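Printed here is model-v2.txt (compact mmCIF, C-alpha atoms and all ligand atoms):
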# COMPACT_ATOMS: atom_id res chain seq x y z
CA MET A 1 19.04 -15.06 -30.88
CA THR A 2 17.84 -12.14 -33.06
CA ILE A 3 15.30 -9.39 -32.43
CA LEU A 4 13.41 -10.54 -35.51
CA ASP A 5 12.93 -14.03 -33.98
CA ILE A 6 11.65 -12.41 -30.78
CA ILE A 7 9.18 -10.20 -32.68
CA GLU A 8 7.93 -13.25 -34.65
CA LYS A 9 7.57 -15.27 -31.45
CA LYS A 10 5.49 -12.60 -29.71
CA LYS A 11 3.48 -12.02 -32.89
CA ASN A 12 2.64 -15.75 -32.75
CA LYS A 13 1.49 -15.43 -29.11
CA GLN A 14 4.34 -17.50 -27.64
CA GLU A 15 5.84 -16.89 -24.20
CA LEU A 16 9.28 -15.25 -24.33
CA LEU A 17 12.18 -16.72 -22.34
CA PRO A 18 13.92 -14.62 -19.65
CA GLU A 19 17.06 -14.38 -21.82
CA GLU A 20 15.00 -13.14 -24.79
CA ILE A 21 13.42 -10.44 -22.60
CA ARG A 22 16.84 -9.34 -21.31
CA PHE A 23 18.15 -9.35 -24.89
CA PHE A 24 15.57 -6.88 -26.20
CA VAL A 25 15.54 -4.66 -23.08
CA ASN A 26 19.34 -4.38 -23.04
CA GLY A 27 19.63 -4.14 -26.84
CA TYR A 28 17.13 -1.29 -27.09
CA THR A 29 18.75 0.53 -24.15
CA ASP A 30 22.27 0.35 -25.62
CA GLY A 31 21.04 1.32 -29.09
CA THR A 32 21.76 -1.94 -30.93
CA ILE A 33 18.03 -2.51 -31.50
CA PRO A 34 16.53 0.37 -33.53
CA ASP A 35 13.26 2.18 -32.83
CA TYR A 36 11.40 0.49 -35.70
CA GLN A 37 12.04 -3.04 -34.43
CA MET A 38 11.31 -2.13 -30.82
CA SER A 39 8.07 -0.44 -31.97
CA ALA A 40 6.99 -3.64 -33.73
CA LEU A 41 7.76 -5.72 -30.65
CA LEU A 42 5.92 -3.31 -28.33
CA MET A 43 2.87 -3.46 -30.58
CA ALA A 44 3.00 -7.29 -30.57
CA ILE A 45 3.17 -7.19 -26.74
CA LEU A 46 0.27 -4.73 -26.60
CA LEU A 47 -1.86 -6.95 -28.85
CA ASN A 48 -0.88 -10.37 -27.47
CA GLY A 49 -0.03 -9.62 -23.83
CA MET A 50 2.56 -11.09 -21.50
CA THR A 51 2.33 -13.78 -18.82
CA ASP A 52 3.06 -12.88 -15.18
CA ARG A 53 6.48 -14.51 -15.56
CA GLU A 54 7.29 -12.42 -18.66
CA THR A 55 6.06 -9.24 -16.92
CA PHE A 56 8.23 -9.97 -13.87
CA GLU A 57 11.30 -10.63 -16.09
CA MET A 58 10.71 -7.43 -18.08
CA THR A 59 10.37 -5.41 -14.85
CA ASP A 60 13.56 -6.96 -13.48
CA ALA A 61 15.52 -6.38 -16.72
CA MET A 62 14.41 -2.72 -16.82
CA LEU A 63 15.11 -2.21 -13.10
CA HIS A 64 18.69 -3.49 -13.53
CA SER A 65 19.31 -1.50 -16.72
CA GLY A 66 20.71 1.28 -14.47
CA ASP A 67 21.45 2.25 -10.87
CA VAL A 68 19.40 1.21 -7.88
CA VAL A 69 19.25 4.22 -5.55
CA ASP A 70 20.00 3.81 -1.84
CA MET A 71 18.09 6.33 0.30
CA SER A 72 19.12 4.93 3.68
CA ALA A 73 21.50 7.88 4.22
CA LEU A 74 18.45 10.15 4.61
CA GLY A 75 17.78 8.40 7.91
CA GLY A 76 13.98 8.48 7.79
CA THR A 77 10.93 7.05 6.09
CA VAL A 78 11.02 7.74 2.35
CA VAL A 79 7.66 7.56 0.59
CA ASP A 80 6.77 7.54 -3.06
CA LYS A 81 3.55 7.70 -5.01
CA HIS A 82 2.96 6.94 -8.65
CA SER A 83 -0.08 7.57 -10.79
CA THR A 84 -0.74 5.56 -13.92
CA GLY A 85 -1.58 8.88 -15.55
CA GLY A 86 -4.66 10.90 -16.27
CA ILE A 87 -6.04 14.30 -17.23
CA GLY A 88 -5.57 17.14 -14.76
CA ASP A 89 -3.75 14.76 -12.42
CA SER A 90 -1.44 17.09 -10.56
CA THR A 91 -1.66 15.28 -7.21
CA THR A 92 2.12 14.89 -6.79
CA LEU A 93 2.56 18.66 -6.70
CA ALA A 94 0.43 18.92 -3.55
CA LEU A 95 1.30 15.57 -2.02
CA ALA A 96 5.05 16.19 -1.90
CA PRO A 97 4.80 19.29 0.34
CA ILE A 98 1.87 17.93 2.39
CA LEU A 99 3.68 14.67 3.15
CA ALA A 100 6.90 16.52 3.95
CA CYS A 101 4.89 18.55 6.50
CA CYS A 102 3.75 15.22 7.99
CA GLY A 103 7.34 14.23 8.74
CA VAL A 104 8.19 11.80 5.94
CA PHE A 105 10.68 12.31 3.11
CA VAL A 106 9.44 12.55 -0.47
CA ALA A 107 12.24 12.01 -2.99
CA LYS A 108 10.20 11.81 -6.14
CA MET A 109 11.26 11.08 -9.68
CA SER A 110 8.41 11.88 -12.02
CA GLY A 111 7.71 11.59 -15.73
CA ARG A 112 6.79 13.78 -18.64
CA GLY A 113 3.47 13.64 -20.48
CA LEU A 114 2.60 10.27 -22.00
CA GLY A 115 0.02 9.90 -24.75
CA PHE A 116 -2.95 12.13 -23.95
CA THR A 117 -1.93 12.51 -20.28
CA GLY A 118 0.10 15.34 -18.76
CA GLY A 119 3.39 14.85 -16.89
CA THR A 120 4.46 16.27 -13.53
CA ILE A 121 7.87 17.29 -14.85
CA ASP A 122 6.40 19.32 -17.71
CA LYS A 123 4.08 21.04 -15.22
CA LEU A 124 6.91 21.93 -12.84
CA GLU A 125 8.98 23.33 -15.70
CA SER A 126 6.30 25.97 -16.22
CA ILE A 127 7.61 27.63 -13.03
CA PRO A 128 10.38 29.99 -14.21
CA GLY A 129 13.83 28.66 -13.25
CA PHE A 130 12.59 25.36 -11.79
CA ASP A 131 15.29 22.71 -12.27
CA THR A 132 13.93 19.19 -12.76
CA ALA A 133 17.40 17.80 -13.46
CA LEU A 134 19.25 18.27 -10.16
CA GLY A 135 22.31 16.05 -9.76
CA GLU A 136 22.03 13.21 -7.27
CA GLY A 137 23.95 15.07 -4.51
CA GLU A 138 21.83 18.20 -4.76
CA PHE A 139 18.60 16.16 -4.99
CA PHE A 140 19.43 14.38 -1.73
CA ASP A 141 20.44 17.64 -0.14
CA VAL A 142 17.08 19.29 -1.01
CA VAL A 143 15.15 16.26 0.29
CA LYS A 144 17.11 16.29 3.53
CA ARG A 145 16.79 20.05 4.01
CA VAL A 146 13.23 20.71 2.77
CA GLY A 147 11.67 17.26 3.15
CA CYS A 148 10.68 16.91 -0.51
CA ALA A 149 12.04 17.29 -4.03
CA VAL A 150 10.70 16.31 -7.43
CA ILE A 151 12.99 15.69 -10.38
CA GLY A 152 12.79 13.92 -13.74
CA GLN A 153 13.94 10.36 -14.01
CA THR A 154 17.74 10.58 -13.92
CA GLY A 155 19.73 9.13 -16.81
CA ASN A 156 20.86 6.26 -14.65
CA LEU A 157 17.53 5.26 -13.14
CA ALA A 158 15.86 2.54 -15.21
CA PRO A 159 17.26 3.99 -18.47
CA ALA A 160 15.47 1.18 -20.32
CA ASP A 161 12.14 2.59 -19.16
CA LYS A 162 13.13 6.12 -20.11
CA LYS A 163 13.76 5.05 -23.72
CA ILE A 164 10.85 2.62 -24.00
CA TYR A 165 8.42 5.14 -22.38
CA ALA A 166 9.31 7.83 -24.93
CA LEU A 167 8.86 5.36 -27.80
CA ARG A 168 5.52 4.06 -26.47
CA ASP A 169 4.28 7.63 -26.20
CA VAL A 170 4.47 8.09 -29.99
CA THR A 171 3.71 4.56 -31.25
CA GLY A 172 0.25 3.91 -29.75
CA THR A 173 1.66 1.32 -27.34
CA VAL A 174 0.86 2.88 -23.98
CA ASN A 175 -2.26 1.05 -22.79
CA SER A 176 -0.89 -2.42 -22.15
CA ILE A 177 -1.08 -3.89 -18.62
CA PRO A 178 2.33 -5.66 -18.75
CA LEU A 179 4.09 -2.65 -20.30
CA ILE A 180 2.61 -0.23 -17.76
CA CYS A 181 3.40 -2.63 -14.90
CA ALA A 182 7.05 -3.09 -15.99
CA SER A 183 7.46 0.64 -16.62
CA ILE A 184 6.13 1.75 -13.26
CA MET A 185 7.57 -1.01 -11.08
CA SER A 186 11.07 -0.87 -12.61
CA LYS A 187 11.25 2.82 -11.67
CA LYS A 188 9.68 2.41 -8.25
CA LEU A 189 11.99 -0.44 -7.28
CA ALA A 190 15.06 1.40 -8.58
CA SER A 191 14.25 4.69 -6.87
CA GLY A 192 14.92 3.50 -3.32
CA SER A 193 11.74 4.48 -1.42
CA ASP A 194 10.62 2.06 1.26
CA THR A 195 6.87 2.88 1.10
CA ILE A 196 4.99 3.15 -2.18
CA LEU A 197 1.39 4.09 -3.00
CA LEU A 198 0.24 3.44 -6.56
CA ASP A 199 -2.70 5.43 -7.88
CA VAL A 200 -4.19 3.25 -10.61
CA LYS A 201 -6.73 5.14 -12.65
CA TYR A 202 -9.62 3.88 -14.77
CA GLY A 203 -12.08 5.58 -17.06
CA SER A 204 -12.23 7.67 -20.18
CA GLY A 205 -9.12 9.69 -19.25
CA ALA A 206 -6.95 6.77 -18.16
CA PHE A 207 -5.06 3.94 -19.84
CA MET A 208 -7.26 1.36 -18.05
CA PRO A 209 -10.85 1.64 -19.34
CA ASP A 210 -12.69 0.07 -16.37
CA PRO A 211 -12.20 -0.70 -12.67
CA GLN A 212 -11.66 -4.41 -13.36
CA SER A 213 -8.62 -3.86 -15.61
CA ALA A 214 -7.27 -1.27 -13.15
CA LEU A 215 -7.64 -3.86 -10.38
CA GLU A 216 -5.77 -6.42 -12.49
CA LEU A 217 -2.89 -3.97 -13.08
CA ALA A 218 -2.85 -2.92 -9.40
CA THR A 219 -2.78 -6.51 -8.16
CA LYS A 220 0.20 -7.35 -10.41
CA MET A 221 2.15 -4.27 -9.30
CA VAL A 222 1.44 -4.80 -5.59
CA ALA A 223 2.56 -8.45 -5.92
CA ILE A 224 5.85 -7.45 -7.58
CA GLY A 225 6.50 -4.69 -4.99
CA THR A 226 5.68 -6.96 -2.04
CA LEU A 227 8.05 -9.63 -3.42
CA ALA A 228 10.76 -6.95 -3.55
CA GLY A 229 10.24 -6.21 0.17
CA LYS A 230 8.44 -2.84 -0.13
CA ARG A 231 5.47 -1.55 1.90
CA ILE A 232 3.16 -1.06 -1.04
CA GLY A 233 -0.52 -0.44 -1.70
CA ALA A 234 -2.62 0.65 -4.67
CA LEU A 235 -5.72 2.82 -4.82
CA ILE A 236 -8.04 2.34 -7.78
CA THR A 237 -9.41 5.79 -8.61
CA ASP A 238 -11.88 7.33 -11.00
CA MET A 239 -10.68 9.15 -14.13
CA GLN A 240 -13.94 9.46 -16.04
CA GLN A 241 -13.49 13.22 -16.08
CA PRO A 242 -10.47 15.47 -15.58
CA LEU A 243 -9.31 15.26 -11.97
CA SER A 244 -8.55 18.97 -11.73
CA ASP A 245 -10.76 21.51 -13.46
CA HIS A 246 -7.47 23.12 -14.58
CA VAL A 247 -5.80 21.12 -17.38
CA GLY A 248 -2.52 22.28 -18.91
CA ASN A 249 0.92 22.87 -17.46
CA ALA A 250 0.98 26.30 -15.77
CA LEU A 251 -2.79 26.09 -15.23
CA GLU A 252 -2.40 22.91 -13.17
CA ILE A 253 0.07 24.66 -10.87
CA VAL A 254 -2.60 27.34 -10.36
CA GLY A 255 -5.15 24.58 -9.54
CA ILE A 256 -2.78 22.99 -7.01
CA VAL A 257 -2.18 26.29 -5.24
CA ASP A 258 -5.98 26.54 -4.81
CA VAL A 259 -6.00 23.12 -3.11
CA LEU A 260 -3.05 24.01 -0.88
CA LYS A 261 -5.01 27.11 0.12
CA GLY A 262 -7.89 24.87 1.22
CA LYS A 263 -10.21 24.62 -1.81
CA LYS A 264 -12.19 21.38 -1.42
CA ASN A 265 -12.77 19.99 -4.91
CA ARG A 266 -12.36 16.50 -6.48
CA LEU A 267 -8.61 17.03 -6.66
CA TYR A 268 -8.48 17.81 -2.93
CA TYR A 269 -10.44 14.64 -1.99
CA GLU A 270 -8.23 12.48 -4.19
CA ILE A 271 -5.05 14.00 -2.74
CA ARG A 272 -6.40 13.40 0.76
CA GLU A 273 -7.19 9.73 0.04
CA VAL A 274 -3.74 9.08 -1.41
CA ALA A 275 -2.00 10.91 1.45
CA LEU A 276 -3.94 9.06 4.16
CA ARG A 277 -3.26 5.63 2.64
CA LEU A 278 0.40 6.44 2.15
CA LEU A 279 0.89 7.75 5.68
CA ALA A 280 -0.91 4.70 7.11
CA LEU A 281 1.31 2.39 5.00
CA THR A 282 4.42 3.82 6.68
CA GLY A 283 3.20 2.42 10.03
CA LYS A 284 3.75 5.85 11.66
CA TYR A 285 0.08 6.85 11.37
CA THR A 286 -3.39 5.33 11.51
CA LEU A 287 -5.91 6.57 8.95
CA GLU A 288 -7.40 8.79 11.71
CA THR A 289 -4.13 10.39 12.84
CA ALA A 290 -3.09 10.78 9.19
CA GLU A 291 -6.28 12.74 8.48
CA LYS A 292 -5.53 15.19 11.31
CA ALA A 293 -1.94 15.70 10.15
CA PHE A 294 -3.07 16.16 6.53
CA GLN A 295 -5.68 18.78 7.42
CA ASN A 296 -3.31 20.61 9.72
CA ALA A 297 -0.67 20.85 6.96
CA ILE A 298 -3.23 22.63 4.76
CA ASP A 299 -5.07 24.73 7.35
CA SER A 300 -1.84 26.06 8.86
CA GLY A 301 -0.55 27.22 5.46
CA ASN A 302 2.54 25.07 6.04
CA ALA A 303 1.97 22.93 2.94
CA LEU A 304 1.71 25.96 0.64
CA ASN A 305 4.86 27.46 2.17
CA LYS A 306 6.61 24.08 1.84
CA PHE A 307 5.74 23.99 -1.87
CA ALA A 308 7.25 27.46 -2.29
CA GLU A 309 10.31 26.33 -0.30
CA MET A 310 10.76 23.28 -2.55
CA VAL A 311 10.43 25.46 -5.67
CA GLU A 312 13.09 27.84 -4.35
CA ALA A 313 15.42 24.99 -3.38
CA GLN A 314 15.10 23.69 -6.95
CA HIS A 315 16.06 27.14 -8.33
CA GLY A 316 12.50 28.13 -9.29
CA ASP A 317 10.85 31.45 -8.52
CA PRO A 318 8.67 30.85 -5.40
CA SER A 319 6.71 34.06 -5.97
CA TYR A 320 4.75 32.16 -8.69
CA ILE A 321 3.45 29.82 -5.97
CA LEU A 322 2.52 32.61 -3.59
CA HIS A 323 1.11 34.77 -6.45
CA PRO A 324 -0.02 32.33 -9.18
CA GLU A 325 -1.62 35.20 -11.11
CA LYS A 326 1.97 35.87 -12.31
CA PHE A 327 1.84 32.89 -14.69
CA GLU A 328 1.57 33.83 -18.36
CA ILE A 329 -1.66 32.23 -19.57
CA GLY A 330 -2.79 32.12 -23.25
CA THR A 331 -5.63 34.00 -24.91
CA ARG A 332 -9.10 33.07 -23.64
CA ASP A 333 -11.89 31.49 -25.68
CA VAL A 334 -14.87 29.40 -24.54
CA VAL A 335 -16.86 26.28 -25.42
CA THR A 336 -20.58 26.55 -24.61
CA ALA A 337 -23.40 24.05 -24.06
CA SER A 338 -25.42 23.21 -27.17
CA SER A 339 -28.53 22.18 -25.18
CA ASP A 340 -30.16 22.15 -21.73
CA GLY A 341 -29.68 19.19 -19.40
CA TYR A 342 -27.12 17.45 -17.19
CA VAL A 343 -23.53 16.56 -18.00
CA THR A 344 -23.78 12.77 -18.09
CA LYS A 345 -20.39 11.76 -19.50
CA MET A 346 -17.01 13.15 -20.45
CA ALA A 347 -14.51 11.72 -22.91
CA ALA A 348 -11.67 12.88 -20.67
CA ALA A 349 -8.92 11.64 -23.01
CA ASP A 350 -10.26 14.02 -25.67
CA ILE A 351 -9.88 16.91 -23.24
CA GLY A 352 -6.24 15.81 -22.83
CA ARG A 353 -5.90 15.58 -26.63
CA ALA A 354 -7.40 19.07 -26.93
CA VAL A 355 -4.62 20.43 -24.69
CA THR A 356 -2.04 18.61 -26.83
CA HIS A 357 -3.49 20.29 -29.96
CA LEU A 358 -3.13 23.67 -28.26
CA GLY A 359 0.59 22.88 -27.75
CA GLY A 360 0.43 21.72 -24.11
CA GLY A 361 1.55 18.15 -24.92
CA ARG A 362 3.76 16.36 -27.44
CA MET A 363 2.81 14.82 -30.78
CA THR A 364 6.42 13.68 -31.44
CA LYS A 365 9.33 12.87 -29.10
CA SER A 366 11.07 16.18 -29.80
CA ASP A 367 8.09 18.60 -29.51
CA ALA A 368 8.51 21.56 -27.15
CA ILE A 369 5.67 22.24 -24.70
CA ASP A 370 3.80 25.55 -24.51
CA PHE A 371 3.21 25.98 -20.77
CA SER A 372 0.71 28.83 -21.17
CA VAL A 373 -2.08 26.89 -22.91
CA GLY A 374 -4.80 24.64 -21.51
CA VAL A 375 -8.39 24.60 -20.35
CA ILE A 376 -10.43 25.34 -17.25
CA MET A 377 -13.53 23.15 -17.01
CA HIS A 378 -16.62 24.88 -15.63
CA VAL A 379 -18.66 21.67 -15.41
CA ALA A 380 -18.26 18.16 -14.03
CA ILE A 381 -20.32 14.99 -14.45
CA GLY A 382 -23.70 15.77 -12.85
CA SER A 383 -23.61 19.54 -13.50
CA LYS A 384 -26.90 21.08 -14.66
CA VAL A 385 -26.43 23.30 -17.73
CA SER A 386 -28.55 25.51 -19.95
CA LYS A 387 -27.93 26.07 -23.65
CA GLY A 388 -25.19 28.70 -24.05
CA ASP A 389 -23.59 28.16 -20.61
CA VAL A 390 -19.80 28.07 -20.61
CA LEU A 391 -18.64 24.43 -20.38
CA CYS A 392 -15.01 25.27 -20.51
CA GLU A 393 -12.53 28.12 -21.00
CA VAL A 394 -9.82 27.42 -23.58
CA PHE A 395 -6.47 29.23 -23.42
CA HIS A 396 -4.50 29.25 -26.68
CA ARG A 397 -1.53 30.95 -28.29
CA ASN A 398 -2.26 32.74 -31.58
CA GLY A 399 -5.08 30.33 -32.38
CA LYS A 400 -2.76 27.31 -32.61
CA GLY A 401 -4.91 24.14 -32.49
CA LEU A 402 -7.89 26.15 -31.27
CA ASP A 403 -10.51 24.81 -33.71
CA GLU A 404 -9.46 21.18 -33.14
CA ALA A 405 -9.39 21.72 -29.37
CA LYS A 406 -12.85 23.35 -29.24
CA ASN A 407 -14.34 20.58 -31.40
CA LEU A 408 -12.79 17.87 -29.27
CA ILE A 409 -14.11 19.45 -26.06
CA ALA A 410 -17.59 20.14 -27.44
CA ASN A 411 -17.87 16.47 -28.47
CA ALA A 412 -16.24 15.24 -25.25
CA VAL A 413 -19.02 16.55 -23.01
CA THR A 414 -22.31 14.63 -23.28
CA ILE A 415 -25.45 16.44 -22.14
CA GLY A 416 -28.48 14.26 -21.30
CA ASN A 417 -31.87 14.61 -19.68
CA SER A 418 -31.41 12.89 -16.35
CA LYS A 419 -28.92 13.50 -13.55
CA PRO A 420 -26.31 10.72 -13.49
CA ASP A 421 -25.21 8.88 -10.31
CA GLU A 422 -22.42 10.48 -8.31
CA HIS A 423 -18.90 9.29 -9.22
CA LYS A 424 -16.91 8.09 -6.23
CA ILE A 425 -13.25 9.16 -6.08
CA ALA A 426 -11.96 5.69 -5.17
CA TYR A 427 -13.20 2.24 -6.15
CA ALA A 428 -10.89 -0.06 -4.17
CA TYR A 429 -7.65 -0.32 -2.23
CA VAL A 430 -5.26 -3.20 -2.86
CA SER A 431 -2.53 -4.26 -0.43
CA LYS A 432 -0.70 -7.46 0.43
CA ASP A 433 -3.66 -8.26 2.70
CA GLY A 434 -6.17 -8.24 -0.18
CA VAL A 435 -8.72 -5.91 -1.76
CA GLU A 436 -10.85 -3.43 0.20
CA MET A 437 -13.81 -2.03 -1.74
CA TYR A 438 -15.01 1.56 -1.24
N1 LIG B 1 3.18 5.75 -16.02
C1 LIG B 1 4.39 5.15 -16.21
O1 LIG B 1 5.36 5.48 -15.54
N2 LIG B 1 4.49 4.24 -17.14
C2 LIG B 1 3.46 3.85 -17.90
O2 LIG B 1 3.64 2.98 -18.71
C3 LIG B 1 2.21 4.46 -17.71
C4 LIG B 1 2.09 5.41 -16.75
Output the structure of this file as structure tokens.
Ligand code: URA
Amino acid sequence: MTILDIIEKKKNKQELLPEEIRFFVNGYTDGTIPDYQMSALLMAILLNGMTDRETFEMTDAMLHSGDVVDMSALGGTVVDKHSTGGIGDSTTLALAPILACCGVFVAKMSGRGLGFTGGTIDKLESIPGFDTALGEGEFFDVVKRVGCAVIGQTGNLAPADKKIYALRDVTGTVNSIPLICASIMSKKLASGSDTILLDVKYGSGAFMPDPQSALELATKMVAIGTLAGKRIGALITDMQQPLSDHVGNALEIVGIVDVLKGKKNRLYYEIREVALRLLALTGKYTLETAEKAFQNAIDSGNALNKFAEMVEAQHGDPSYILHPEKFEIGTRDVVTASSDGYVTKMAAADIGRAVTHLGGGRMTKSDAIDFSVGVIMHVAIGSKVSKGDVLCEVFHRNGKGLDEAKNLIANAVTIGNSKPDEHKIAYAYVSKDGVEMY
């Protein structure tokens, strides 16, 4: 068997055998298959797809490429949540402390930015001192003591995904249902949580363009998780505009602190929906009791204090959570409306790309992130604007990428004459019992 034969086979739309899938997953992980051949194969998979059997085999090969974590020593319910990625999607940062306040453990391994989307780990690293690479012992200790911890994917957890993910990020091979499914489920099954909520996003700022493809991805992932014995559900949520009005690394921490202080925006309602579903999945709560516990965690200030406690336990400076004005933010510029009307559409991915141009995301695997740059949106779909109104503030460093970013944002926001329909946060919920529409 050679990698060239496997690339040819997938190029010719043939189904790969389990041993061929293991061969390329293991070969790329141990370095015997080079980036250029893996890139060609990933592109053939993106263009020609994979059957359910191939997707399951790829997930299984990636899951067993490293350790499978055992969380039973924590002695409680361990929950996990995973988003397929979006713009301004900082939900994990609020969910971890809120859920910990509701009495479940959150031992979360998160990713870095992928394509035009931001990554939780990059955002957390904007907090001075924050360590996203705790060793396993310390990670468990923080979870046990604080109730939550968020680290990057450890070297030993699905290392195949770690390498393939970084390659997909820079080879235009992100938005493939089988590749996303194998990537997410290999990590979720290896990371040892017993209850998993997947947040599958669709729209102009997501990898899935429409609710139907998001539903297809969600159904596949829930089926694989259920087969593996997990309590698992998937919410299909809207990403036709940035989820948070703050987009960028440090800026998204600022936006999350607002939510933990009780600000009720789109981000808040999405976080609430994910939290309620996740708590209900554990079997310890109904949706009604979960809602009370969620609101109490915020109203009491406990969730904000828990976030600061987690930051301190992970060697970060908690004063940045309690006083977010301490973050260094870039120089301010603005994008204004070119006409009167209503915001009818947003090309959310282009807002993500704008932040990458400013230095807030990566163009190549080795790029360093500038935490201080980003945007604050002043409008959402449905907002009424007059010519000259500020659509968005842009924060840059020494003008880097500013012209490209402003152009991208100006073209990303469509202004029309009539008020568009309201965008619901969630479209459907998928569980082993079927699909519930919102
Ligand atoms: N998130 C992941 O972890 N993997 C993907 O492929 C896409 C989003």
Hey, could you make a per-residue contact list for chain A against ligand LIG 1 (chain B) with 8 Å as the cut-off, showing the nearest pair of atoms and its distance in Å to one decimal, counting all atoms listed in the file, sorted by chain and number, as a tab-separated table?
residue	atom	partner	partner_atom	distance
A:His82	CA	B:LIG1	O1	7.4
A:Ser83	CA	B:LIG1	N1	6.4
A:Thr84	CA	B:LIG1	C4	4.0
A:Gly85	CA	B:LIG1	C4	5.2
A:Ser110	CA	B:LIG1	O1	7.9
A:Gly111	CA	B:LIG1	O1	6.5
A:Leu114	CA	B:LIG1	C4	7.2
A:Tyr165	CA	B:LIG1	O2	6.4
A:Val174	CA	B:LIG1	O2	6.0
A:Asn175	CA	B:LIG1	O2	7.4
A:Ser176	CA	B:LIG1	O2	7.8
A:Leu179	CA	B:LIG1	O2	5.9
A:Ile180	CA	B:LIG1	O2	3.5
A:Cys181	CA	B:LIG1	O2	6.8
A:Ala182	CA	B:LIG1	O2	7.5
A:Ser183	CA	B:LIG1	N2	4.7
A:Ile184	CA	B:LIG1	O1	4.4
A:Lys187	CA	B:LIG1	O1	7.5
A:Phe207	CA	B:LIG1	C3	7.6
So which residues touch Ser186 in chain A within 8 Å, counting all atoms listed in the file, skipping near sequence neighbours fewer than 4 positions away, as an mmCIF file with C-alpha atoms, in the coordinates of the input?
data_model
loop_
_atom_site.group_PDB
_atom_site.id
_atom_site.type_symbol
_atom_site.label_atom_id
_atom_site.label_comp_id
_atom_site.auth_asym_id
_atom_site.auth_seq_id
_atom_site.Cartn_x
_atom_site.Cartn_y
_atom_site.Cartn_z
ATOM 1 C CA THR A 59 10.370 -5.410 -14.850
ATOM 2 C CA ASP A 60 13.560 -6.960 -13.480
ATOM 3 C CA MET A 62 14.410 -2.720 -16.820
ATOM 4 C CA LEU A 63 15.110 -2.210 -13.100
ATOM 5 C CA ALA A 158 15.860 2.540 -15.210
ATOM 6 C CA ASP A 161 12.140 2.590 -19.160
ATOM 7 C CA ALA A 182 7.050 -3.090 -15.990
ATOM 8 C CA ALA A 190 15.060 1.400 -8.580
#
Measure the distance from CA of Asp5 in chain A to CA of Glu20 in chain A in Å and round it to one decimal.
9.5 Å
Proximity check range 79-167 of chain A to range 292-306 of chain A, 7 Å, nearest pairs one decimal Å, all atoms listed in the file, as CSV:
residue,atom,partner,partner_atom,distance
A:Pro97,CA,A:Ala303,CA,5.3
A:Ile98,CA,A:Ala303,CA,5.0
A:Cys101,CA,A:Ala297,CA,6.0
A:Cys102,CA,A:Ala293,CA,6.1
Output C-alpha atoms for every residue in the selection just made, as a CSV table (one decimal), in the coordinates of the input.
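Result file follows (selection_24.csv):
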chain,number,residue,atom,x,y,z
A,97,PRO,CA,4.8,19.3,0.3
A,98,ILE,CA,1.9,17.9,2.4
A,101,CYS,CA,4.9,18.6,6.5
A,102,CYS,CA,3.8,15.2,8.0
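The two atoms in question, CA of Ile329 in chain A and CA of Asn249 in chain A, are spaced 9.9 Å apart.
CA of Tyr320 in chain A is found 22.7 Å from CA of Leu358 in chain A.
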4 Å per side around range 143-161 of chain A: axis-aligned box centre and edge lengths, as AutoDock Vina command-line options:
--center_x 15.8 --center_y 10.9 --center_z -8.2 --size_x 18.2 --size_y 27.5 --size_z 32.3
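Comparing the minimum interatomic distances between Val311 in chain A and each of A:Asp131, A:Glu270, A:Glu404, A:Glu393, counting all atoms listed in the file, we find that A:Asp131 sits nearest.
Proximity to Asp403 in chain A was assessed for A:Val430, A:Ala347, A:Val355, A:Ala94 counting all atoms listed in the file; the smallest distance is recorded for A:Val355.
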Which of these, A:Ser372, A:Thr282, A:Thr29, A:Ser213, has the shortest distance to Pro178 in chain A once you count all atoms listed in the file?
A:Ser213
So, with only C-alpha atoms as the atoms that count, which of A:Val373, A:Ala160, A:Ile127, A:Ile425 lies closest to Glu312 in chain A?
A:Ile127
Any idea what's packed within 8 Å of Thr331 in chain A, counting only C-alpha atoms, ignoring anything in its chain fewer than 4 positions away? Could you give it as a tab-separated table (two decimals) with C-alpha atoms, keeping the file's coordinate frame?
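Okay, selection_39.tsv is ready:
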chain	number	residue	atom	x	y	z
A	394	VAL	CA	-9.82	27.42	-23.58
A	395	PHE	CA	-6.47	29.23	-23.42
A	396	HIS	CA	-4.50	29.25	-26.68
A	397	ARG	CA	-1.53	30.95	-28.29
A	398	ASN	CA	-2.26	32.74	-31.58
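Residues in contact with Met310 in chain A at 10 Å, where only C-alpha atoms are counted and same-chain residues fewer than 6 positions away are skipped, are listed as Ala96, Pro97, Phe130, Val142, Val143, Arg145, Val146, Gly147, Cys148, Ala149, Val150, Leu304, Gly316 and Pro318 of chain A.
Here the selection is built from only C-alpha atoms, and the residues within 9 Å of (-2.0, -5.2, -7.5) turn out to be Leu198, Ala214, Leu215, Glu216, Leu217, Ala218, Thr219, Lys220, Met221, Val222, Ala223, Ile224, Gly225, Gly233, Ala234, Val430, Ser431, Lys432, Gly434 and Val435 of chain A.
Using all atoms listed in the file, the smallest distance between any of A:Asp30, A:Glu252, A:Asp350, A:Glu54 and Leu17 in chain A comes from A:Glu54.
Compared by their closest atoms to Leu235 in chain A, and using all atoms listed in the file, the residues A:Ile381, A:Val69, A:Leu197, A:Val25 rank with A:Leu197 nearest.
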